[in-house]
Amino acid sequence: RNNILLIRGFMILFLSCVTIRINLSFSSIPSTLRAIPLDGHFNFDEVHLAARDFGNRYQFLPAAVLHPKSVSDIATTIKHIWQMGPHSGLTVAARGHGHSLQGQSQAHQGIVINMESLHGPDMQVSAGNSPYVDVSGGELWINILHESLKYGLAPKSWTDYLHLTVGGTLSNAGISGQAFRHGPQISNVHLLEVVTGKGEVVTCSEKQNSDLFHSVLGGLGQFGIITRARILLEPAPDMVKWIRVLYSDFTTFAIDQEHLISVEKTFDYVEGFVIINRTGLLNNWRSSFNPQDPVQARQFKSDGKTLFCLELAKYFHLDETEVANQEIENLLSQLSYIKSTLFQSEVTYVEFLDRVHVSEVKLRSKGLWEVPHPWLNLFIPKSKIHNFADEVFGNILTETSNGPILIYPVNKSKWDNRTSTVIPEEDIFYLVAFLTSAVPSSTGTDGLEHILTQNKRILEYCETAHLGMKQYLPQYSTQEEWRAHFGPKWEVFVQRKSAYDPLAVLAPGQRIFQKAI
Ligand code: FAD
């Protein structure tokens, strides 16, 4: 009799498992989701639109796209999945502006949340002594710029391109030429509202639920969905002096960059890029830079050598032009660039910050924006940047690079080690960004295969030379690789995952956690 009871028990368990799996098969997902009460709606028809990204290389079709109208839409949906338990297999990816490179904002047969549909309260600028703006997690940085400028204010830390969402950049770090001074965008946030993987809506900050706050910043979307953020602001300038100077020697270039990010009185923005061949000497695709002395630019002869371009910006108010000019003269006199290669431009603050968008519009009109982008972003410690430059710019990349190669240093002291972002151990480290576009179906040096092989060679070199490199916007697919990427931070990352998203529902496209842990 006991045996019969046992067998019946097993049968019931087996059948209930089968039922759960049948219930949650791909085809039954729409009816499961339609039952969820929402202010917004699910879309089951145009899901292919959420199965692509800027990288243009990975396509994972979701089962549904949620267009939330409220935070509660997001919380209710995730809570619903949480209550279905581990067997549902359903995952959720927040999609900001979809500017990931390898499917990070996609969810194969899961739910993609279109964060730009989220209409929270309007952006609210607080213009007191420590000004800030409260924004939705799906807000584009360009909109935040325009709104805060109405109060004469602007965020302190930027990315080079502003058509990205707050939630998307805060899930990585958000860096540009202001980061040496203000830190990345994740160092300039005071408060977040987050929906965790259990569907709980939690407000967090340095002081309140601080572990969740730090987890989510740079957290690759693993711990919660950022639905609201409080971004620090500063008084905005009117105009920007935008300067480029050239170097033929990497060591001199790096000494000057490091000098500029270390002194008190300096430029407001310090970046740089590598010019492997002579085309695009001053203008490359990510910039609308238009120097006042283009004749001189055209006359400059590099003799085919690799050049290093230091890019600088000084902000100023219209009534302070003279002071700005003097400060620039003083700072430039401390640098050792090739003296005939000083190129200057003067633009409005908005023109400067939104510079990459100008190129986007041009490239789109030529059908060159939606091509594969096998980008590679690396953080290299200062002590190894010379070895890196010798090998990579001297041996690996000797031909034309089909897209800009950025290189600039930042100060580690401006990064908070409690966040999830992984950076090298040294006080100064460089961002080196290979922002390559591949020509579709080309089998030549501008084709995808060739560029991927080059990327692989660069990564292999970093590995064998023990450079202490860390990937920014990291792209790994096995847990071993992720474990190595996080290094000593891995255990904490795993603990945080089991605290805030124990079923591993969130951001499956990062390929860190494959199933419930
Ligand atoms: P998505 O690609 O949609 O999402 C990225 C990841 O974040 C995904 O895993 C997604 O699930 C998750 N996510 C999205 N929204 C949320 C949310 N609200 N809450 C939690 N998780 C979320 N980066 C820099 O740091 N500096 C630069 O100068 C820079 N320039 C760039 C220029 C271009 C042209 C492009 C295409 C990218 C650039 N990036 C730069 C990289 C960019 O910051 C990242 O790709 C970022 O993730 C894109 O934001 P997004 O809104 O499109 O996010």
# chains A, B, ... in the order shown; residues from 1 in each chain; ligands from 1
>>> residues_around(residues="Pro424 of chain A", least_positions_apart="4", cutoff="9 Å", atoms="only C-alpha atoms", output="PyMOL selection string")
chain A and resi 379-381+412+428-429+468-470
>>> write_last_selection(atoms="C-alpha atoms", output="PDB file, in the first residue's frame")
ATOM      1  CA  PHE A 379      40.335  49.503 -19.484  1.00  0.00           C
ATOM      2  CA  ILE A 380      44.140  49.313 -19.422  1.00  0.00           C
ATOM      3  CA  PRO A 381      46.177  50.177 -16.298  1.00  0.00           C
ATOM      4  CA  LYS A 412      40.294  55.685 -10.172  1.00  0.00           C
ATOM      5  CA  ILE A 428      45.014  55.875 -13.323  1.00  0.00           C
ATOM      6  CA  PHE A 429      43.692  53.647 -16.081  1.00  0.00           C
ATOM      7  CA  GLY A 468      45.504  43.542 -15.897  1.00  0.00           C
ATOM      8  CA  MET A 469      43.007  44.653 -18.577  1.00  0.00           C
ATOM      9  CA  LYS A 470      39.296  44.761 -17.787  1.00  0.00           C
TER      10      LYS A 470
END
>>> select_by_dssp(residues="segment 236-359 of chain A", states="alpha helix (DSSP H)", output="PyMOL selection string")
chain A and resi 250-260+294-299+321-333+349-353+355-359
>>> write_last_selection(atoms="N, CA and C atoms", output="compact mmCIF listing (two decimals), in the first residue's frame")
# COMPACT_ATOMS: atom_id res chain seq x y z
N PHE A 250 53.69 58.30 -28.86
CA PHE A 250 52.68 57.93 -27.86
C PHE A 250 53.08 58.35 -26.45
N THR A 251 54.36 58.21 -26.12
CA THR A 251 54.80 58.52 -24.75
C THR A 251 54.52 59.98 -24.41
N THR A 252 54.87 60.88 -25.33
CA THR A 252 54.63 62.32 -25.08
C THR A 252 53.13 62.58 -24.94
N PHE A 253 52.35 61.95 -25.80
CA PHE A 253 50.88 62.09 -25.79
C PHE A 253 50.32 61.66 -24.42
N ALA A 254 50.79 60.50 -23.95
CA ALA A 254 50.27 59.96 -22.69
C ALA A 254 50.71 60.81 -21.51
N ILE A 255 51.96 61.31 -21.54
CA ILE A 255 52.43 62.17 -20.44
C ILE A 255 51.53 63.40 -20.35
N ASP A 256 51.22 63.99 -21.50
CA ASP A 256 50.38 65.20 -21.49
C ASP A 256 48.96 64.89 -21.02
N GLN A 257 48.41 63.78 -21.48
CA GLN A 257 47.04 63.42 -21.02
C GLN A 257 47.03 63.23 -19.51
N GLU A 258 48.02 62.51 -19.01
CA GLU A 258 48.04 62.23 -17.57
C GLU A 258 48.28 63.50 -16.77
N HIS A 259 49.07 64.41 -17.33
CA HIS A 259 49.28 65.70 -16.66
C HIS A 259 47.94 66.44 -16.55
N LEU A 260 47.22 66.48 -17.65
CA LEU A 260 45.97 67.26 -17.66
C LEU A 260 44.91 66.69 -16.72
N PRO A 294 40.99 75.13 -41.27
CA PRO A 294 41.04 73.85 -41.99
C PRO A 294 42.19 73.77 -42.99
N VAL A 295 42.66 74.92 -43.49
CA VAL A 295 43.73 74.90 -44.48
C VAL A 295 44.97 74.29 -43.83
N GLN A 296 45.26 74.78 -42.64
CA GLN A 296 46.42 74.26 -41.91
C GLN A 296 46.28 72.75 -41.69
N ALA A 297 45.04 72.34 -41.37
CA ALA A 297 44.80 70.92 -41.14
C ALA A 297 45.13 70.11 -42.38
N ARG A 298 44.72 70.61 -43.53
CA ARG A 298 44.94 69.86 -44.76
C ARG A 298 46.41 69.81 -45.13
N GLN A 299 47.12 70.88 -44.75
CA GLN A 299 48.53 70.94 -45.12
C GLN A 299 49.43 70.07 -44.25
N THR A 321 34.88 85.14 -22.06
CA THR A 321 35.69 84.63 -23.18
C THR A 321 37.18 84.88 -22.96
N GLU A 322 37.50 86.09 -22.51
CA GLU A 322 38.93 86.45 -22.36
C GLU A 322 39.63 85.57 -21.34
N VAL A 323 38.94 85.39 -20.20
CA VAL A 323 39.53 84.55 -19.13
C VAL A 323 39.76 83.13 -19.67
N ALA A 324 38.76 82.62 -20.38
CA ALA A 324 38.87 81.26 -20.94
C ALA A 324 40.06 81.17 -21.88
N ASN A 325 40.21 82.18 -22.74
CA ASN A 325 41.33 82.17 -23.70
C ASN A 325 42.67 82.13 -22.98
N GLN A 326 42.76 82.93 -21.91
CA GLN A 326 44.03 82.96 -21.16
C GLN A 326 44.32 81.61 -20.50
N GLU A 327 43.28 81.03 -19.92
CA GLU A 327 43.46 79.73 -19.26
C GLU A 327 43.91 78.67 -20.28
N ILE A 328 43.29 78.71 -21.45
CA ILE A 328 43.64 77.74 -22.50
C ILE A 328 45.09 77.93 -22.94
N GLU A 329 45.47 79.19 -23.13
CA GLU A 329 46.85 79.48 -23.56
C GLU A 329 47.84 78.93 -22.54
N ASN A 330 47.52 79.18 -21.29
CA ASN A 330 48.40 78.71 -20.21
C ASN A 330 48.50 77.18 -20.21
N LEU A 331 47.36 76.53 -20.32
CA LEU A 331 47.37 75.06 -20.28
C LEU A 331 48.09 74.47 -21.50
N LEU A 332 47.83 75.06 -22.67
CA LEU A 332 48.47 74.53 -23.89
C LEU A 332 49.99 74.70 -23.83
N SER A 333 50.43 75.77 -23.15
CA SER A 333 51.89 76.03 -23.07
C SER A 333 52.58 74.94 -22.26
N TYR A 349 27.38 74.78 -26.03
CA TYR A 349 27.50 73.61 -25.13
C TYR A 349 26.70 72.43 -25.68
N VAL A 350 25.49 72.70 -26.18
CA VAL A 350 24.65 71.62 -26.70
C VAL A 350 25.28 71.01 -27.95
N GLU A 351 25.82 71.87 -28.82
CA GLU A 351 26.47 71.34 -30.03
C GLU A 351 27.63 70.42 -29.65
N PHE A 352 28.38 70.83 -28.62
CA PHE A 352 29.51 70.01 -28.21
C PHE A 352 29.04 68.66 -27.67
N LEU A 353 28.09 68.70 -26.74
CA LEU A 353 27.67 67.44 -26.11
C LEU A 353 26.95 66.52 -27.08
N ARG A 355 27.52 66.10 -30.20
CA ARG A 355 28.32 66.06 -31.43
C ARG A 355 28.20 64.75 -32.22
N VAL A 356 28.07 63.63 -31.52
CA VAL A 356 28.05 62.35 -32.24
C VAL A 356 26.74 62.19 -33.02
N HIS A 357 25.69 62.83 -32.52
CA HIS A 357 24.39 62.72 -33.19
C HIS A 357 24.45 63.30 -34.61
N VAL A 358 25.26 64.35 -34.77
CA VAL A 358 25.40 64.96 -36.10
C VAL A 358 25.92 63.91 -37.08
N SER A 359 26.91 63.14 -36.62
CA SER A 359 27.46 62.09 -37.48
C SER A 359 26.45 60.97 -37.69
>>> residues_near_ligand(ligand="ligand 1", cutoff="7 Å", atoms="only C-alpha atoms and all ligand atoms", output="number ranges by chain")
A: 53-54, 93-101, 104-106, 115, 137-138, 159-161, 164-169, 171-176, 220-221, 224-227, 473, 507, 509-510
>>> write_last_selection(atoms="N, CA and C atoms", output="compact mmCIF listing (two decimals), in the first residue's frame")
# COMPACT_ATOMS: atom_id res chain seq x y z
N ASP A 53 19.90 45.16 -31.99
CA ASP A 53 20.55 46.24 -31.25
C ASP A 53 21.60 46.91 -32.11
N PHE A 54 22.31 47.88 -31.54
CA PHE A 54 23.29 48.66 -32.30
C PHE A 54 24.41 47.77 -32.85
N ALA A 93 14.09 41.38 -20.03
CA ALA A 93 15.18 42.32 -20.31
C ALA A 93 14.62 43.72 -20.43
N ALA A 94 15.19 44.65 -19.65
CA ALA A 94 14.85 46.06 -19.88
C ALA A 94 15.58 46.48 -21.14
N ARG A 95 14.88 47.16 -21.99
CA ARG A 95 15.52 47.71 -23.20
C ARG A 95 15.49 49.22 -23.10
N GLY A 96 16.68 49.82 -23.03
CA GLY A 96 16.75 51.28 -22.99
C GLY A 96 16.57 51.80 -24.40
N HIS A 97 17.71 52.18 -25.03
CA HIS A 97 17.60 52.60 -26.43
C HIS A 97 18.14 51.50 -27.34
N GLY A 98 18.41 50.32 -26.75
CA GLY A 98 18.87 49.18 -27.56
C GLY A 98 20.23 49.41 -28.20
N HIS A 99 21.11 50.15 -27.51
CA HIS A 99 22.42 50.43 -28.09
C HIS A 99 23.51 49.50 -27.58
N SER A 100 23.08 48.34 -27.13
CA SER A 100 24.02 47.29 -26.74
C SER A 100 24.68 46.73 -27.99
N LEU A 101 25.69 45.90 -27.74
CA LEU A 101 26.48 45.39 -28.86
C LEU A 101 26.23 43.91 -29.16
N GLN A 104 22.55 42.31 -25.30
CA GLN A 104 22.40 42.46 -23.85
C GLN A 104 21.02 42.96 -23.43
N SER A 105 20.31 43.64 -24.32
CA SER A 105 18.97 44.11 -23.93
C SER A 105 17.88 43.27 -24.60
N GLN A 106 18.24 42.05 -24.99
CA GLN A 106 17.26 41.15 -25.61
C GLN A 106 16.94 39.98 -24.67
N MET A 115 11.68 50.49 -22.12
CA MET A 115 11.76 51.47 -21.03
C MET A 115 11.39 52.89 -21.48
N GLY A 137 13.87 56.02 -15.65
CA GLY A 137 14.98 55.16 -16.07
C GLY A 137 15.07 55.01 -17.57
N GLY A 138 13.96 55.28 -18.26
CA GLY A 138 13.96 55.15 -19.72
C GLY A 138 14.21 56.47 -20.44
N THR A 159 28.17 60.67 -21.51
CA THR A 159 28.76 59.75 -22.49
C THR A 159 28.98 60.60 -23.75
N ASP A 160 29.76 60.09 -24.70
CA ASP A 160 30.02 60.87 -25.91
C ASP A 160 28.77 61.04 -26.76
N TYR A 161 27.84 60.13 -26.57
CA TYR A 161 26.62 60.10 -27.39
C TYR A 161 25.44 60.16 -26.43
N LEU A 164 21.09 57.72 -25.52
CA LEU A 164 21.16 56.49 -24.71
C LEU A 164 20.30 56.76 -23.49
N THR A 165 19.81 55.70 -22.84
CA THR A 165 18.94 55.95 -21.69
C THR A 165 19.73 55.94 -20.38
N VAL A 166 19.12 56.56 -19.39
CA VAL A 166 19.71 56.61 -18.05
C VAL A 166 19.94 55.19 -17.52
N GLY A 167 18.91 54.34 -17.63
CA GLY A 167 19.04 52.96 -17.11
C GLY A 167 20.12 52.19 -17.84
N GLY A 168 20.26 52.42 -19.15
CA GLY A 168 21.26 51.71 -19.95
C GLY A 168 22.68 52.09 -19.58
N THR A 169 22.95 53.39 -19.43
CA THR A 169 24.33 53.79 -19.13
C THR A 169 24.66 53.52 -17.65
N SER A 171 23.70 51.10 -15.97
CA SER A 171 23.93 49.66 -15.81
C SER A 171 25.36 49.29 -16.22
N ASN A 172 26.05 50.23 -16.87
CA ASN A 172 27.45 49.99 -17.26
C ASN A 172 28.38 50.89 -16.43
N ALA A 173 28.42 52.16 -16.74
CA ALA A 173 29.20 53.15 -15.96
C ALA A 173 28.89 54.54 -16.49
N GLY A 174 28.97 54.71 -17.83
CA GLY A 174 28.72 56.01 -18.43
C GLY A 174 29.95 56.89 -18.35
N ILE A 175 30.79 56.83 -19.38
CA ILE A 175 32.04 57.60 -19.31
C ILE A 175 32.27 58.45 -20.56
N SER A 176 32.96 59.55 -20.33
CA SER A 176 33.35 60.43 -21.42
C SER A 176 34.51 61.28 -20.90
N LEU A 220 24.93 45.71 -14.88
CA LEU A 220 24.60 45.02 -16.13
C LEU A 220 23.15 44.51 -16.12
N GLY A 221 22.29 45.24 -15.43
CA GLY A 221 20.86 44.91 -15.40
C GLY A 221 20.52 43.66 -14.61
N GLY A 224 18.04 44.51 -10.86
CA GLY A 224 16.77 45.22 -10.82
C GLY A 224 16.66 46.14 -12.01
N ILE A 225 15.46 46.61 -12.21
CA ILE A 225 15.22 47.54 -13.31
C ILE A 225 15.14 48.94 -12.74
N ILE A 226 15.98 49.82 -13.26
CA ILE A 226 16.01 51.20 -12.77
C ILE A 226 14.81 51.92 -13.37
N THR A 227 13.90 52.35 -12.52
CA THR A 227 12.72 53.03 -13.04
C THR A 227 12.79 54.54 -12.83
N LEU A 473 31.81 47.55 -20.96
CA LEU A 473 30.71 46.96 -21.72
C LEU A 473 31.09 45.51 -22.01
N ALA A 507 17.79 40.48 -17.36
CA ALA A 507 18.90 40.71 -18.31
C ALA A 507 19.63 39.43 -18.71
N GLY A 509 20.41 38.49 -21.59
CA GLY A 509 21.30 38.73 -22.73
C GLY A 509 22.75 38.99 -22.33
N GLN A 510 22.99 39.22 -21.05
CA GLN A 510 24.38 39.40 -20.60
C GLN A 510 25.09 38.04 -20.49
>>> residues_around(residues="Gln59 of chain A", least_positions_apart="4", cutoff="9 Å", atoms="only C-alpha atoms", output="JSON, numbers by chain")
{"A": [48, 50, 51, 52, 53, 102, 103, 106, 108]}
>>> closest_residue(among="A:Ile458, A:Val361, A:Val505, A:Leu49", to="Thr77 of chain A", atoms="only C-alpha atoms")
A:Val505
>>> atom_distance(atom1="atom CA of Leu38 of chain A", atom2="atom CA of Val133 of chain A")
27.5 Å
>>> residues_around(residues="segment 27-33 of chain A", least_positions_apart="3", cutoff="12 Å", atoms="only C-alpha atoms", output="ChimeraX atom specification")
/A:19-24,36-38,41-45,62-66,73,76-81,84,88-91,109-111
>>> closest_atom_pairs(of="segment 167-275 of chain A", to="segment 147-150 of chain A", cutoff="9 Å", atoms="only C-alpha atoms", output="JSON lines")
{"residue": "A:Leu233", "atom": "CA", "partner": "A:Ser148", "partner_atom": "CA", "distance": 8.0}
{"residue": "A:Pro235", "atom": "CA", "partner": "A:Leu149", "partner_atom": "CA", "distance": 8.8}
{"residue": "A:Ala236", "atom": "CA", "partner": "A:Leu149", "partner_atom": "CA", "distance": 7.0}
>>> residues_around(residues="segment 442-452 of chain A", least_positions_apart="2", cutoff="12 Å", atoms="only C-alpha atoms", output="PyMOL selection string")
chain A and resi 55-57+371-376+396-403+434-440+454-459
>>> select_by_dssp(residues="segment 108-220 of chain A", states="strand (DSSP E)", output="list in words")
Ile111, Val112, Ile113, Asn114, Gln124, Val125, Ser126, Tyr132, Val133, Asp134, Val135, Ser136, Leu153, Ala154, Pro155, Val189, His190, Leu191, Leu192, Glu193, Val194, Val195, Thr196, Val201, Val202, Thr203, Cys204 and Ser205 of chain A
>>> write_last_selection(atoms="C-alpha atoms", output="mmCIF file, in the first residue's frame")
data_model
loop_
_atom_site.group_PDB
_atom_site.id
_atom_site.type_symbol
_atom_site.label_atom_id
_atom_site.label_comp_id
_atom_site.auth_asym_id
_atom_site.auth_seq_id
_atom_site.Cartn_x
_atom_site.Cartn_y
_atom_site.Cartn_z
ATOM 1 C CA ILE A 111 9.738 39.625 -22.183
ATOM 2 C CA VAL A 112 11.443 42.811 -23.297
ATOM 3 C CA ILE A 113 10.401 45.929 -21.411
ATOM 4 C CA ASN A 114 10.488 48.983 -23.622
ATOM 5 C CA GLN A 124 11.811 67.429 -12.010
ATOM 6 C CA VAL A 125 14.745 69.762 -11.611
ATOM 7 C CA SER A 126 15.647 70.889 -8.108
ATOM 8 C CA TYR A 132 19.656 67.545 -9.195
ATOM 9 C CA VAL A 133 17.029 66.210 -11.582
ATOM 10 C CA ASP A 134 14.683 63.266 -11.033
ATOM 11 C CA VAL A 135 14.158 61.317 -14.233
ATOM 12 C CA SER A 136 12.619 58.098 -15.502
ATOM 13 C CA LEU A 153 21.950 73.536 -15.195
ATOM 14 C CA ALA A 154 23.265 70.291 -16.691
ATOM 15 C CA PRO A 155 24.497 66.862 -15.547
ATOM 16 C CA VAL A 189 23.613 59.583 -9.016
ATOM 17 C CA HIS A 190 22.066 60.107 -5.588
ATOM 18 C CA LEU A 191 18.963 58.005 -5.555
ATOM 19 C CA LEU A 192 17.399 55.200 -7.553
ATOM 20 C CA GLU A 193 14.022 53.550 -7.702
ATOM 21 C CA VAL A 194 14.454 49.918 -8.667
ATOM 22 C CA VAL A 195 12.134 46.981 -9.394
ATOM 23 C CA THR A 196 13.970 43.856 -8.247
ATOM 24 C CA VAL A 201 9.734 48.393 -5.860
ATOM 25 C CA VAL A 202 12.617 49.686 -3.730
ATOM 26 C CA THR A 203 14.035 53.178 -3.296
ATOM 27 C CA CYS A 204 17.755 53.084 -2.662
ATOM 28 C CA SER A 205 20.662 55.450 -2.124
#
>>> residues_around(residues="segment 479-487 of chain A", least_positions_apart="4", cutoff="9 Å", atoms="only C-alpha atoms", output="list in words")
Ser420, Thr421, Val422, Lys470, Gln471, Pro474, Gln475, Glu491, Phe493, Arg511, Ile512, Phe513 and Gln514 of chain A
>>> residues_around(residues="Leu342 of chain A", least_positions_apart="5", cutoff="8 Å", atoms="only C-alpha atoms", output="PyMOL selection string")
chain A and resi 243-246
>>> write_last_selection(atoms="C-alpha atoms", output="PDB file, in the first residue's frame")
ATOM      1  CA  ILE A 243      40.594  71.843 -29.339  1.00  0.00           C
ATOM      2  CA  ARG A 244      42.595  69.122 -31.057  1.00  0.00           C
ATOM      3  CA  VAL A 245      46.385  68.798 -31.158  1.00  0.00           C
ATOM      4  CA  LEU A 246      48.510  66.022 -32.653  1.00  0.00           C
TER       5      LEU A 246
END
